[in-house]
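Just structure08.cif here, mmCIF, C-alpha atoms and all ligand atoms:
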data_work
loop_
_atom_site.label_atom_id
_atom_site.label_comp_id
_atom_site.auth_asym_id
_atom_site.auth_seq_id
_atom_site.Cartn_x
_atom_site.Cartn_y
_atom_site.Cartn_z
CA MET A 1 20.92 8.92 109.91
CA LEU A 2 21.17 12.56 110.83
CA CYS A 3 23.74 12.09 113.55
CA ALA A 4 25.93 9.98 111.33
CA ALA A 5 25.85 12.51 108.57
CA TYR A 6 26.22 15.56 110.74
CA PRO A 7 27.77 14.95 114.16
CA ASP A 8 27.96 18.67 115.03
CA LEU A 9 24.20 19.05 115.05
CA CYS A 10 23.70 15.90 117.06
CA THR A 11 24.08 17.45 120.49
CA LEU A 12 21.36 19.95 119.79
CA PHE A 13 18.78 17.32 119.04
CA SER A 14 16.03 16.27 121.39
CA VAL A 15 12.87 14.27 120.94
CA GLU A 16 9.46 15.69 121.79
CA PHE A 17 6.23 13.81 121.19
CA GLY A 18 8.14 11.24 119.21
CA ASP A 19 9.55 13.74 116.77
CA GLY A 20 13.02 15.15 116.35
CA VAL A 21 13.51 18.71 117.52
CA LEU A 22 16.50 20.85 116.69
CA ALA A 23 16.72 23.96 118.87
CA VAL A 24 19.15 26.58 117.61
CA GLU A 25 20.09 30.19 118.24
CA PRO A 26 18.56 32.83 115.95
CA GLY A 27 21.94 33.46 114.36
CA ALA A 28 22.29 29.79 113.42
CA LEU A 29 18.76 29.32 112.10
CA LEU A 30 19.58 29.98 108.47
CA SER A 31 22.74 27.87 108.38
CA SER A 32 21.15 24.90 110.13
CA ALA A 33 18.17 25.10 107.81
CA GLU A 34 20.61 25.05 104.91
CA ASP A 35 22.37 22.02 106.36
CA LEU A 36 19.11 20.20 106.91
CA LYS A 37 18.05 20.95 103.38
CA ARG A 38 21.28 19.47 102.10
CA LEU A 39 20.67 16.35 104.22
CA GLY A 40 17.38 15.71 102.48
CA PHE A 41 14.96 17.82 104.56
CA ASP A 42 14.04 19.73 101.45
CA ARG A 43 10.34 20.21 101.99
CA LEU A 44 9.11 23.03 104.18
CA GLY A 45 5.96 22.03 106.06
CA MET A 46 5.11 25.16 107.97
CA VAL A 47 6.39 28.16 109.86
CA THR A 48 4.70 29.34 113.03
CA ALA A 49 5.48 30.77 116.46
CA VAL A 50 4.59 30.27 120.11
CA ASP A 51 4.26 33.00 122.72
CA TYR A 52 6.09 31.99 125.92
CA GLY A 53 5.82 35.36 127.61
CA GLU A 54 9.39 36.59 127.81
CA GLN A 55 10.29 34.83 124.61
CA PHE A 56 8.81 33.84 121.30
CA GLU A 57 9.64 30.50 119.81
CA ILE A 58 9.73 30.20 116.03
CA VAL A 59 8.82 26.71 114.88
CA VAL A 60 9.74 25.43 111.42
CA ARG A 61 8.66 22.00 110.29
CA LEU A 62 10.85 20.29 107.70
CA HIS A 63 10.18 17.03 105.89
CA ALA A 64 12.54 14.60 104.22
CA PRO A 65 10.22 12.74 101.87
CA GLU A 66 12.90 10.34 100.68
CA HIS A 67 13.74 9.21 104.21
CA HIS A 68 10.17 9.38 105.50
CA ALA A 69 11.37 11.67 108.25
CA ALA A 70 10.44 15.06 109.61
CA VAL A 71 11.99 17.44 112.08
CA PHE A 72 11.07 20.55 114.03
CA LEU A 73 13.54 23.40 113.80
CA LYS A 74 12.99 25.73 116.76
CA CYS A 75 14.55 28.97 117.77
CA ARG A 76 13.80 31.30 120.68
CA VAL A 77 13.98 35.07 120.42
CA PRO A 78 13.41 37.67 123.15
CA ARG A 79 10.02 39.38 123.16
CA SER A 80 11.64 42.81 122.98
CA GLU A 81 13.54 41.95 119.82
CA PRO A 82 11.54 39.40 117.79
CA ARG A 83 13.76 39.13 114.73
CA VAL A 84 14.86 36.03 112.86
CA PRO A 85 16.33 35.52 109.40
CA SER A 86 13.86 34.66 106.67
CA LEU A 87 13.90 31.24 105.03
CA THR A 88 12.44 32.49 101.75
CA ALA A 89 15.81 32.21 100.00
CA LEU A 90 15.86 28.47 100.71
CA TRP A 91 12.14 27.77 100.27
CA PRO A 92 10.13 30.33 98.31
CA GLY A 93 7.04 28.75 99.87
CA ALA A 94 8.03 30.18 103.25
CA ASP A 95 6.86 33.57 101.98
CA TRP A 96 3.22 33.40 103.07
CA HIS A 97 3.95 31.37 106.20
CA GLU A 98 6.30 34.08 107.39
CA ARG A 99 3.84 36.81 106.47
CA GLU A 100 1.21 35.04 108.55
CA THR A 101 3.57 34.65 111.50
CA TYR A 102 4.44 38.32 111.20
CA ASP A 103 0.77 39.25 110.99
CA LEU A 104 -0.40 37.28 114.02
CA PHE A 105 2.71 37.31 116.26
CA GLY A 106 4.69 40.31 115.06
CA ILE A 107 7.85 38.31 114.36
CA VAL A 108 10.05 40.20 111.90
CA PHE A 109 11.67 37.98 109.28
CA GLU A 110 14.78 39.73 108.08
CA GLY A 111 15.43 39.40 104.39
CA HIS A 112 11.79 38.63 103.53
CA PRO A 113 10.95 40.12 100.11
CA ASP A 114 7.50 41.43 101.03
CA LEU A 115 6.73 41.37 104.75
CA ARG A 116 3.15 42.64 104.90
CA ARG A 117 0.04 41.52 106.73
CA ILE A 118 -1.74 38.66 105.03
CA MET A 119 -4.75 37.52 107.09
CA LEU A 120 -5.85 40.82 108.60
CA PRO A 121 -6.58 44.15 106.92
CA ASP A 122 -3.51 46.26 106.27
CA ASP A 123 -4.52 48.92 108.77
CA TRP A 124 -4.85 46.47 111.68
CA ARG A 125 -3.27 47.44 115.00
CA GLY A 126 -1.40 44.85 117.02
CA HIS A 127 -0.79 41.13 116.64
CA PRO A 128 -3.78 39.11 117.86
CA LEU A 129 -2.12 35.81 118.76
CA ARG A 130 0.19 37.47 121.28
CA LYS A 131 -0.95 36.67 124.80
CA ASP A 132 -1.08 40.36 125.76
CA TYR A 133 -3.21 41.40 122.77
CA GLU A 134 -6.23 43.45 123.74
CA ASP A 135 -9.06 44.54 121.51
CA PRO A 136 -12.04 46.53 122.85
CA HIS A 137 -14.26 45.17 120.05
CA VAL A 138 -13.92 41.56 121.14
CA LEU A 139 -17.00 40.25 122.91
CA PRO A 140 -15.82 38.14 125.86
CA ARG A 141 -17.38 34.75 126.30
CA PRO A 142 -19.88 34.77 129.15
CA ASP A 143 -19.55 32.23 131.97
CA TYR A 144 -22.63 30.24 131.12
CA ILE A 145 -21.29 28.99 127.79
CA MET B 146 -53.34 31.18 86.49
CA ALA B 147 -50.89 32.88 88.73
CA VAL B 148 -50.75 35.93 86.47
CA VAL B 149 -54.48 36.26 86.49
CA ASP B 150 -54.59 35.90 90.28
CA SER B 151 -51.88 38.44 90.82
CA ILE B 152 -53.42 40.97 88.50
CA GLY B 153 -56.74 40.39 90.15
CA ARG B 154 -55.09 41.11 93.49
CA GLY B 155 -53.63 44.28 92.06
CA LEU B 156 -56.98 45.47 90.84
CA ASP B 157 -58.68 44.68 94.12
CA ALA B 158 -56.01 46.51 96.08
CA ALA B 159 -56.24 49.71 94.03
CA PRO B 160 -57.49 52.28 96.58
CA GLY B 161 -59.05 54.62 94.06
CA GLY B 162 -55.64 55.01 92.49
CA ASP B 163 -54.22 54.48 89.06
CA VAL B 164 -55.45 51.12 87.87
CA VAL B 165 -52.82 50.79 85.17
CA LEU B 166 -49.95 51.44 87.55
CA THR B 167 -51.26 49.06 90.14
CA THR B 168 -51.70 46.34 87.59
CA LEU B 169 -48.18 46.88 86.35
CA ASP B 170 -47.08 46.69 89.94
CA ALA B 171 -48.61 43.30 90.43
CA LEU B 172 -47.23 42.06 87.14
CA ILE B 173 -43.72 43.23 87.92
CA ASP B 174 -43.85 41.86 91.44
CA TRP B 175 -45.02 38.57 90.06
CA ALA B 176 -42.17 38.49 87.56
CA ARG B 177 -39.56 39.49 90.12
CA GLY B 178 -40.84 37.05 92.68
CA HIS B 179 -40.47 34.19 90.23
CA SER B 180 -36.93 34.87 89.09
CA PRO B 181 -34.75 35.71 92.07
CA TRP B 182 -31.37 35.08 90.48
CA VAL B 183 -28.90 34.31 93.18
CA MET B 184 -25.40 35.58 93.79
CA PRO B 185 -23.72 32.73 95.71
CA MET B 186 -21.58 34.65 98.19
CA GLY B 187 -20.11 31.58 99.85
CA THR B 188 -17.51 32.61 102.41
CA ALA B 189 -17.23 29.50 104.60
CA CYS B 190 -18.64 26.03 105.26
CA CYS B 191 -22.30 27.04 104.66
CA ALA B 192 -21.35 27.46 101.01
CA MET B 193 -21.33 23.68 100.70
CA GLU B 194 -25.06 23.58 101.39
CA LEU B 195 -25.56 26.48 99.02
CA ILE B 196 -23.72 24.58 96.30
CA ALA B 197 -25.70 21.43 97.01
CA ALA B 198 -28.88 23.48 96.73
CA SER B 199 -28.15 24.54 93.18
CA PHE B 200 -27.66 21.01 91.85
CA ALA B 201 -30.16 18.51 90.55
CA LYS B 202 -31.26 16.92 93.83
CA PHE B 203 -32.72 20.12 95.24
CA ASP B 204 -33.10 21.90 91.90
CA PHE B 205 -33.68 25.52 92.84
CA ASP B 206 -34.17 26.40 89.18
CA ARG B 207 -37.80 25.44 89.54
CA HIS B 208 -38.24 28.46 91.85
CA GLY B 209 -36.34 30.62 89.37
CA ALA B 210 -33.43 30.86 91.83
CA PHE B 211 -30.70 30.52 89.28
CA PRO B 212 -27.11 30.92 90.51
CA ARG B 213 -25.04 33.47 88.62
CA PRO B 214 -21.56 34.24 89.89
CA ASP B 215 -21.73 37.78 88.57
CA PRO B 216 -23.10 40.69 90.61
CA ARG B 217 -24.43 42.49 87.51
CA HIS B 218 -26.82 39.67 86.69
CA VAL B 219 -28.43 38.93 90.01
CA ASP B 220 -31.24 40.06 92.30
CA VAL B 221 -30.45 38.23 95.54
CA MET B 222 -27.19 37.90 97.40
CA VAL B 223 -27.03 34.81 99.60
CA VAL B 224 -24.27 35.37 102.12
CA ALA B 225 -23.41 31.83 103.15
CA GLY B 226 -20.71 31.70 105.75
CA THR B 227 -18.48 33.61 108.09
CA VAL B 228 -17.57 37.12 107.01
CA THR B 229 -14.28 38.35 108.39
CA LYS B 230 -13.25 41.96 108.67
CA LYS B 231 -10.88 41.44 105.77
CA MET B 232 -13.66 39.94 103.63
CA GLN B 233 -16.24 42.58 104.54
CA PRO B 234 -15.12 45.22 101.97
CA ALA B 235 -15.22 42.59 99.22
CA VAL B 236 -18.76 41.52 100.11
CA GLN B 237 -19.82 45.16 100.36
CA ARG B 238 -18.32 45.90 96.98
CA LEU B 239 -20.11 43.00 95.27
CA TRP B 240 -23.34 44.14 96.92
CA ASP B 241 -22.80 47.66 95.62
CA GLN B 242 -22.27 46.30 92.12
CA MET B 243 -25.65 44.56 92.09
CA PRO B 244 -28.34 46.56 90.29
CA GLU B 245 -31.49 47.61 92.14
CA PRO B 246 -33.83 46.12 93.15
CA LYS B 247 -31.79 43.72 95.25
CA TRP B 248 -32.36 41.55 98.27
CA CYS B 249 -30.16 39.75 100.72
CA ILE B 250 -30.45 36.39 102.46
CA ALA B 251 -28.20 35.73 105.46
CA MET B 252 -27.61 31.99 105.49
CA GLY B 253 -26.31 30.28 108.60
CA ASN B 254 -25.58 31.40 112.14
CA CYS B 255 -22.32 33.05 111.12
CA ALA B 256 -24.00 35.32 108.60
CA VAL B 257 -26.87 36.00 111.01
CA SER B 258 -24.89 36.90 114.12
CA GLY B 259 -21.31 35.65 113.98
CA GLY B 260 -22.40 32.17 115.08
CA ILE B 261 -19.76 30.17 116.88
CA PHE B 262 -17.36 33.09 116.39
CA LEU B 263 -19.56 35.56 118.23
CA HIS B 264 -17.43 35.53 121.37
CA ASP B 265 -13.67 35.90 121.72
CA SER B 266 -13.08 36.53 118.05
CA TYR B 267 -11.04 39.49 116.94
CA THR B 268 -11.76 39.26 113.25
CA VAL B 269 -15.29 38.00 112.57
CA VAL B 270 -18.05 40.45 111.66
CA ARG B 271 -21.01 39.74 113.96
CA GLY B 272 -23.62 39.23 111.28
CA VAL B 273 -23.86 40.63 107.78
CA ASP B 274 -26.69 42.91 108.90
CA GLU B 275 -23.96 45.14 110.31
CA PHE B 276 -23.34 46.34 106.76
CA LEU B 277 -26.04 44.89 104.46
CA PRO B 278 -29.85 45.21 104.60
CA VAL B 279 -30.82 41.58 105.20
CA ASP B 280 -34.31 40.46 104.10
CA VAL B 281 -34.39 36.85 105.23
CA TYR B 282 -32.37 35.17 107.98
CA ILE B 283 -31.83 31.41 108.05
CA ALA B 284 -30.61 29.87 111.29
CA GLY B 285 -28.56 26.71 111.37
CA CYS B 286 -24.97 25.62 111.37
CA PRO B 287 -25.18 24.92 108.52
CA PRO B 288 -28.84 25.14 107.48
CA ARG B 289 -30.00 22.37 105.21
CA PRO B 290 -30.82 23.20 101.60
CA GLU B 291 -34.50 22.85 102.49
CA SER B 292 -34.14 25.85 104.80
CA LEU B 293 -32.63 27.82 101.97
CA GLN B 294 -35.50 26.72 99.80
CA ASP B 295 -37.92 28.01 102.40
CA ALA B 296 -35.98 31.28 102.52
CA VAL B 297 -36.23 31.67 98.76
CA LEU B 298 -39.98 31.08 98.93
CA GLN B 299 -40.34 33.53 101.83
CA LEU B 300 -38.33 36.08 99.90
CA ALA B 301 -40.53 35.56 96.83
CA LYS B 302 -43.54 36.23 99.05
CA LYS B 303 -41.89 39.36 100.36
CA ILE B 304 -40.99 40.56 96.88
CA ARG B 305 -44.56 40.06 95.75
CA SER B 306 -45.78 42.32 98.54
CA GLU B 307 -43.59 45.23 97.48
CA SER B 308 -44.56 48.02 95.15
CA ILE B 309 -42.50 49.59 92.41
CA ALA B 310 -44.15 52.91 93.14
CA GLU B 311 -42.78 53.39 96.61
CA GLY B 312 -39.68 51.29 96.28
CA ARG B 313 -38.62 48.92 98.96
CA THR B 314 -40.20 50.83 101.81
CA HIS B 315 -43.69 49.77 100.82
CA ARG B 316 -43.95 46.36 102.33
CA ALA B 317 -46.80 44.28 103.53
CA ASP B 318 -45.20 43.73 106.94
CA LEU B 319 -45.12 47.48 107.51
CA LEU B 320 -48.83 47.69 106.88
CA LEU B 321 -49.79 45.17 109.53
CA PRO B 322 -51.70 46.57 112.47
CA GLU B 323 -49.54 47.21 115.49
CA ALA B 324 -49.53 44.51 118.09
CA PRO B 325 -50.96 45.59 121.43
CA CYS B 326 -48.18 46.47 123.86
CA GLU B 327 -49.92 45.26 127.00
CA PRO B 328 -51.35 41.77 127.22
CA GLU B 329 -55.05 41.97 127.66
CA GLU B 330 -56.33 41.29 131.13
CA ALA B 331 -58.03 38.02 131.70
CA PRO B 332 -61.71 38.45 132.34
S1 LIG C 1 -22.95 28.80 110.42
FE1 LIG C 1 -21.73 26.95 110.81
S2 LIG C 1 -21.66 25.92 108.81
FE2 LIG C 1 -22.23 28.05 108.44
S3 LIG C 1 -20.35 29.17 108.04
FE3 LIG C 1 -20.77 29.35 110.22
S4 LIG C 1 -19.64 27.68 111.17
FE4 LIG C 1 -19.80 27.22 108.99
#

Conversion result in structure tokens:
Amino acid sequence: MLCAAYPDLCTLFSVEFGDGVLAVEPGALLSSAEDLKRLGFDRLGMVTAVDYGEQFEIVVRLHAPEHHAAVFLKCRVPRSEPRVPSLTALWPGADWHERETYDLFGIVFEGHPDLRRIMLPDDWRGHPLRKDYEDPHVLPRPDYI
Amino acid sequence: MAVVDSIGRGLDAAPGGDVVLTTLDALIDWARGHSPWVMPMGTACCAMELIAASFAKFDFDRHGAFPRPDPRHVDVMVVAGTVTKKMQPAVQRLWDQMPEPKWCIAMGNCAVSGGIFLHDSYTVVRGVDEFLPVDVYIAGCPPRPESLQDAVLQLAKKIRSESIAEGRTHRADLLLPEAPCEPEEAP
């Protein structure tokens, strides 16, 4: 269905774990999200990120309720420059998802109306879900557990 | 009967002091011990058991433990659940809004020590006793409502052993003789 409607995107598609994945460049994230929305993927499921060391991967889950389909929209950004455009203009519900991703991974969503921390106190230092996060107050798990 | 017993205890305990004050003490302790209104500070899964406890099957009203979701009305704060560093100021604030005298029950492993989040967690407070004076601890993940019931009864016992004259420092457990440090040698 997707390929027929939008042949340009087709080459970018892959299938992981039985689900469609569309991997795009950061610059194309907003336009491809717009296209997908027009194709019927008009429900935003979630926004999150993965820490791959040198790069962060932003993961956006989109649903097309009418077609009973869903797709992952992924985009990799370098660790030194973790910036992607915000999807809040397309889906107002992306607001808190992006704030959470900013809070825990330090991804900056450009164009977000109110990019503040959401889960952690405002004066928190660092982004805890990054692999290199260190906190002296954390009690490490002992071996015997 | 209970009033008579309590007053009798008060009179017996008067060490040559003011009989009227001591009697009042016993009366007030009796009244406080029988109406520990509860602030349900449910912050995580343990709150489910706390909610169950306040309904008809367990019926905590018969102990006077009446849930009021308003800090100005209550005597006891039951912290039921995980307290995160973001939640901590809110819990502290509600505690500060409660009028004296007030007591605190830490319900569940998370409220006692951090529970399953003790290790490797960057955001969980390791037990509410880091910022609140806890009177009764209940272990369990989650504890059953019966454990909470026991805690309420233990707390009532504790309240009844306090004195209005010396505030919360005058407690029966502080008056117990010190345990011997060394185990006695076998004969
Ligand atoms: S002690 Fe267990 S049941 Fe209670 S809040 Fe913690 S994890 Fe949940």

Worksheet item: Looking at A:Tyr102, A:Phe109, A:Phe56, A:Phe72, which one is nearest to Ser86 (chain A), with distances taken over all atoms listed in the file?
Response: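 Answer, going by the shortest atom-to-atom distance: A:Phe109.
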
Discussion item. Give me the residues near Val270 (chain B) as number ranges by chain, where near means some atom within 6 Å (using all atoms listed in the file) and where sequence neighbours in that chain fewer than 2 positions away do not count.
Written reply: B: 228-230, 272

Practice prompt. Within 12 Å of ligand LIG 1 (chain C), which residues show up when you count only C-alpha atoms and all ligand atoms? List them as a PyMOL selection string, please.
Written response: chain B and resi 186-195+224-229+251-263+269-273+282-290

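Considering all atoms listed in the file, the residue among B:Met232, B:Val297, B:Val223, B:Ile173 positioned nearest to chain A is B:Met232.
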
Practice prompt. Check every residue of chain A for an atom within 12 Å of chain B, counting all atoms listed in the file, and provide those that qualify as a ChimeraX atom specification.
Written response: /A:104,117-129,133-143,145

I need the residues from that last selection saved to file as a compact mmCIF listing (two decimals), in the coordinates of the input (with C-alpha atoms), if you can.
# COMPACT_ATOMS: atom_id res chain seq x y z
CA LEU A 104 -0.40 37.28 114.02
CA ARG A 117 0.04 41.52 106.73
CA ILE A 118 -1.74 38.66 105.03
CA MET A 119 -4.75 37.52 107.09
CA LEU A 120 -5.85 40.82 108.60
CA PRO A 121 -6.58 44.15 106.92
CA ASP A 122 -3.51 46.26 106.27
CA ASP A 123 -4.52 48.92 108.77
CA TRP A 124 -4.85 46.47 111.68
CA ARG A 125 -3.27 47.44 115.00
CA GLY A 126 -1.40 44.85 117.02
CA HIS A 127 -0.79 41.13 116.64
CA PRO A 128 -3.78 39.11 117.86
CA LEU A 129 -2.12 35.81 118.76
CA TYR A 133 -3.21 41.40 122.77
CA GLU A 134 -6.23 43.45 123.74
CA ASP A 135 -9.06 44.54 121.51
CA PRO A 136 -12.04 46.53 122.85
CA HIS A 137 -14.26 45.17 120.05
CA VAL A 138 -13.92 41.56 121.14
CA LEU A 139 -17.00 40.25 122.91
CA PRO A 140 -15.82 38.14 125.86
CA ARG A 141 -17.38 34.75 126.30
CA PRO A 142 -19.88 34.77 129.15
CA ASP A 143 -19.55 32.23 131.97
CA ILE A 145 -21.29 28.99 127.79

Discussion item. Here's a test: counting all atoms listed in the file, identify every protein, DNA and RNA residue with an atom at most 9 Å from (9.7, 28.8, 117.3) in the file's coordinate frame, and state them as an MDAnalysis selection string.
Written reply: chainID A and resid 23 47:51 56:60 72:77

Discussion item. Ranking A:Val84, A:Leu30, A:Leu115, A:Val24 by minimum distance to His97 (chain A) and counting only C-alpha atoms, which one comes first?
Written reply: A:Leu115

Worksheet entry | Local residues around (-23.6, 42.5, 86.5), at most 7 Å away, using all atoms listed in the file, as a ChimeraX atom specification | /B:215-219,242-243

Would you output that residue set with C-alpha atoms, as a PDB file, in the coordinates of the input?
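Output contents, as saved in again-v3.pdb:
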ATOM      1  CA  ASP B 215     -21.730  37.780  88.570  1.00  0.00           C
ATOM      2  CA  PRO B 216     -23.100  40.690  90.610  1.00  0.00           C
ATOM      3  CA  ARG B 217     -24.430  42.490  87.510  1.00  0.00           C
ATOM      4  CA  HIS B 218     -26.820  39.670  86.690  1.00  0.00           C
ATOM      5  CA  VAL B 219     -28.430  38.930  90.010  1.00  0.00           C
ATOM      6  CA  GLN B 242     -22.270  46.300  92.120  1.00  0.00           C
ATOM      7  CA  MET B 243     -25.650  44.560  92.090  1.00  0.00           C
TER       8      MET B 243
END

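Atom to atom, CA of Ala171 (chain B) and CA of Lys302 (chain B) stand 12.2 Å apart.
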
Practice prompt. Show which residues sit within 12 Å of His68 (chain A), as a list of chain:residue names. Count all atoms listed in the file, and ignore same-chain residues fewer than 4 positions away.
Written response: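 Within the cut-off, the hits are A:Met1, A:Gly40, A:Phe41, A:Asp42, A:Arg43, A:Leu62, A:His63, A:Ala64.
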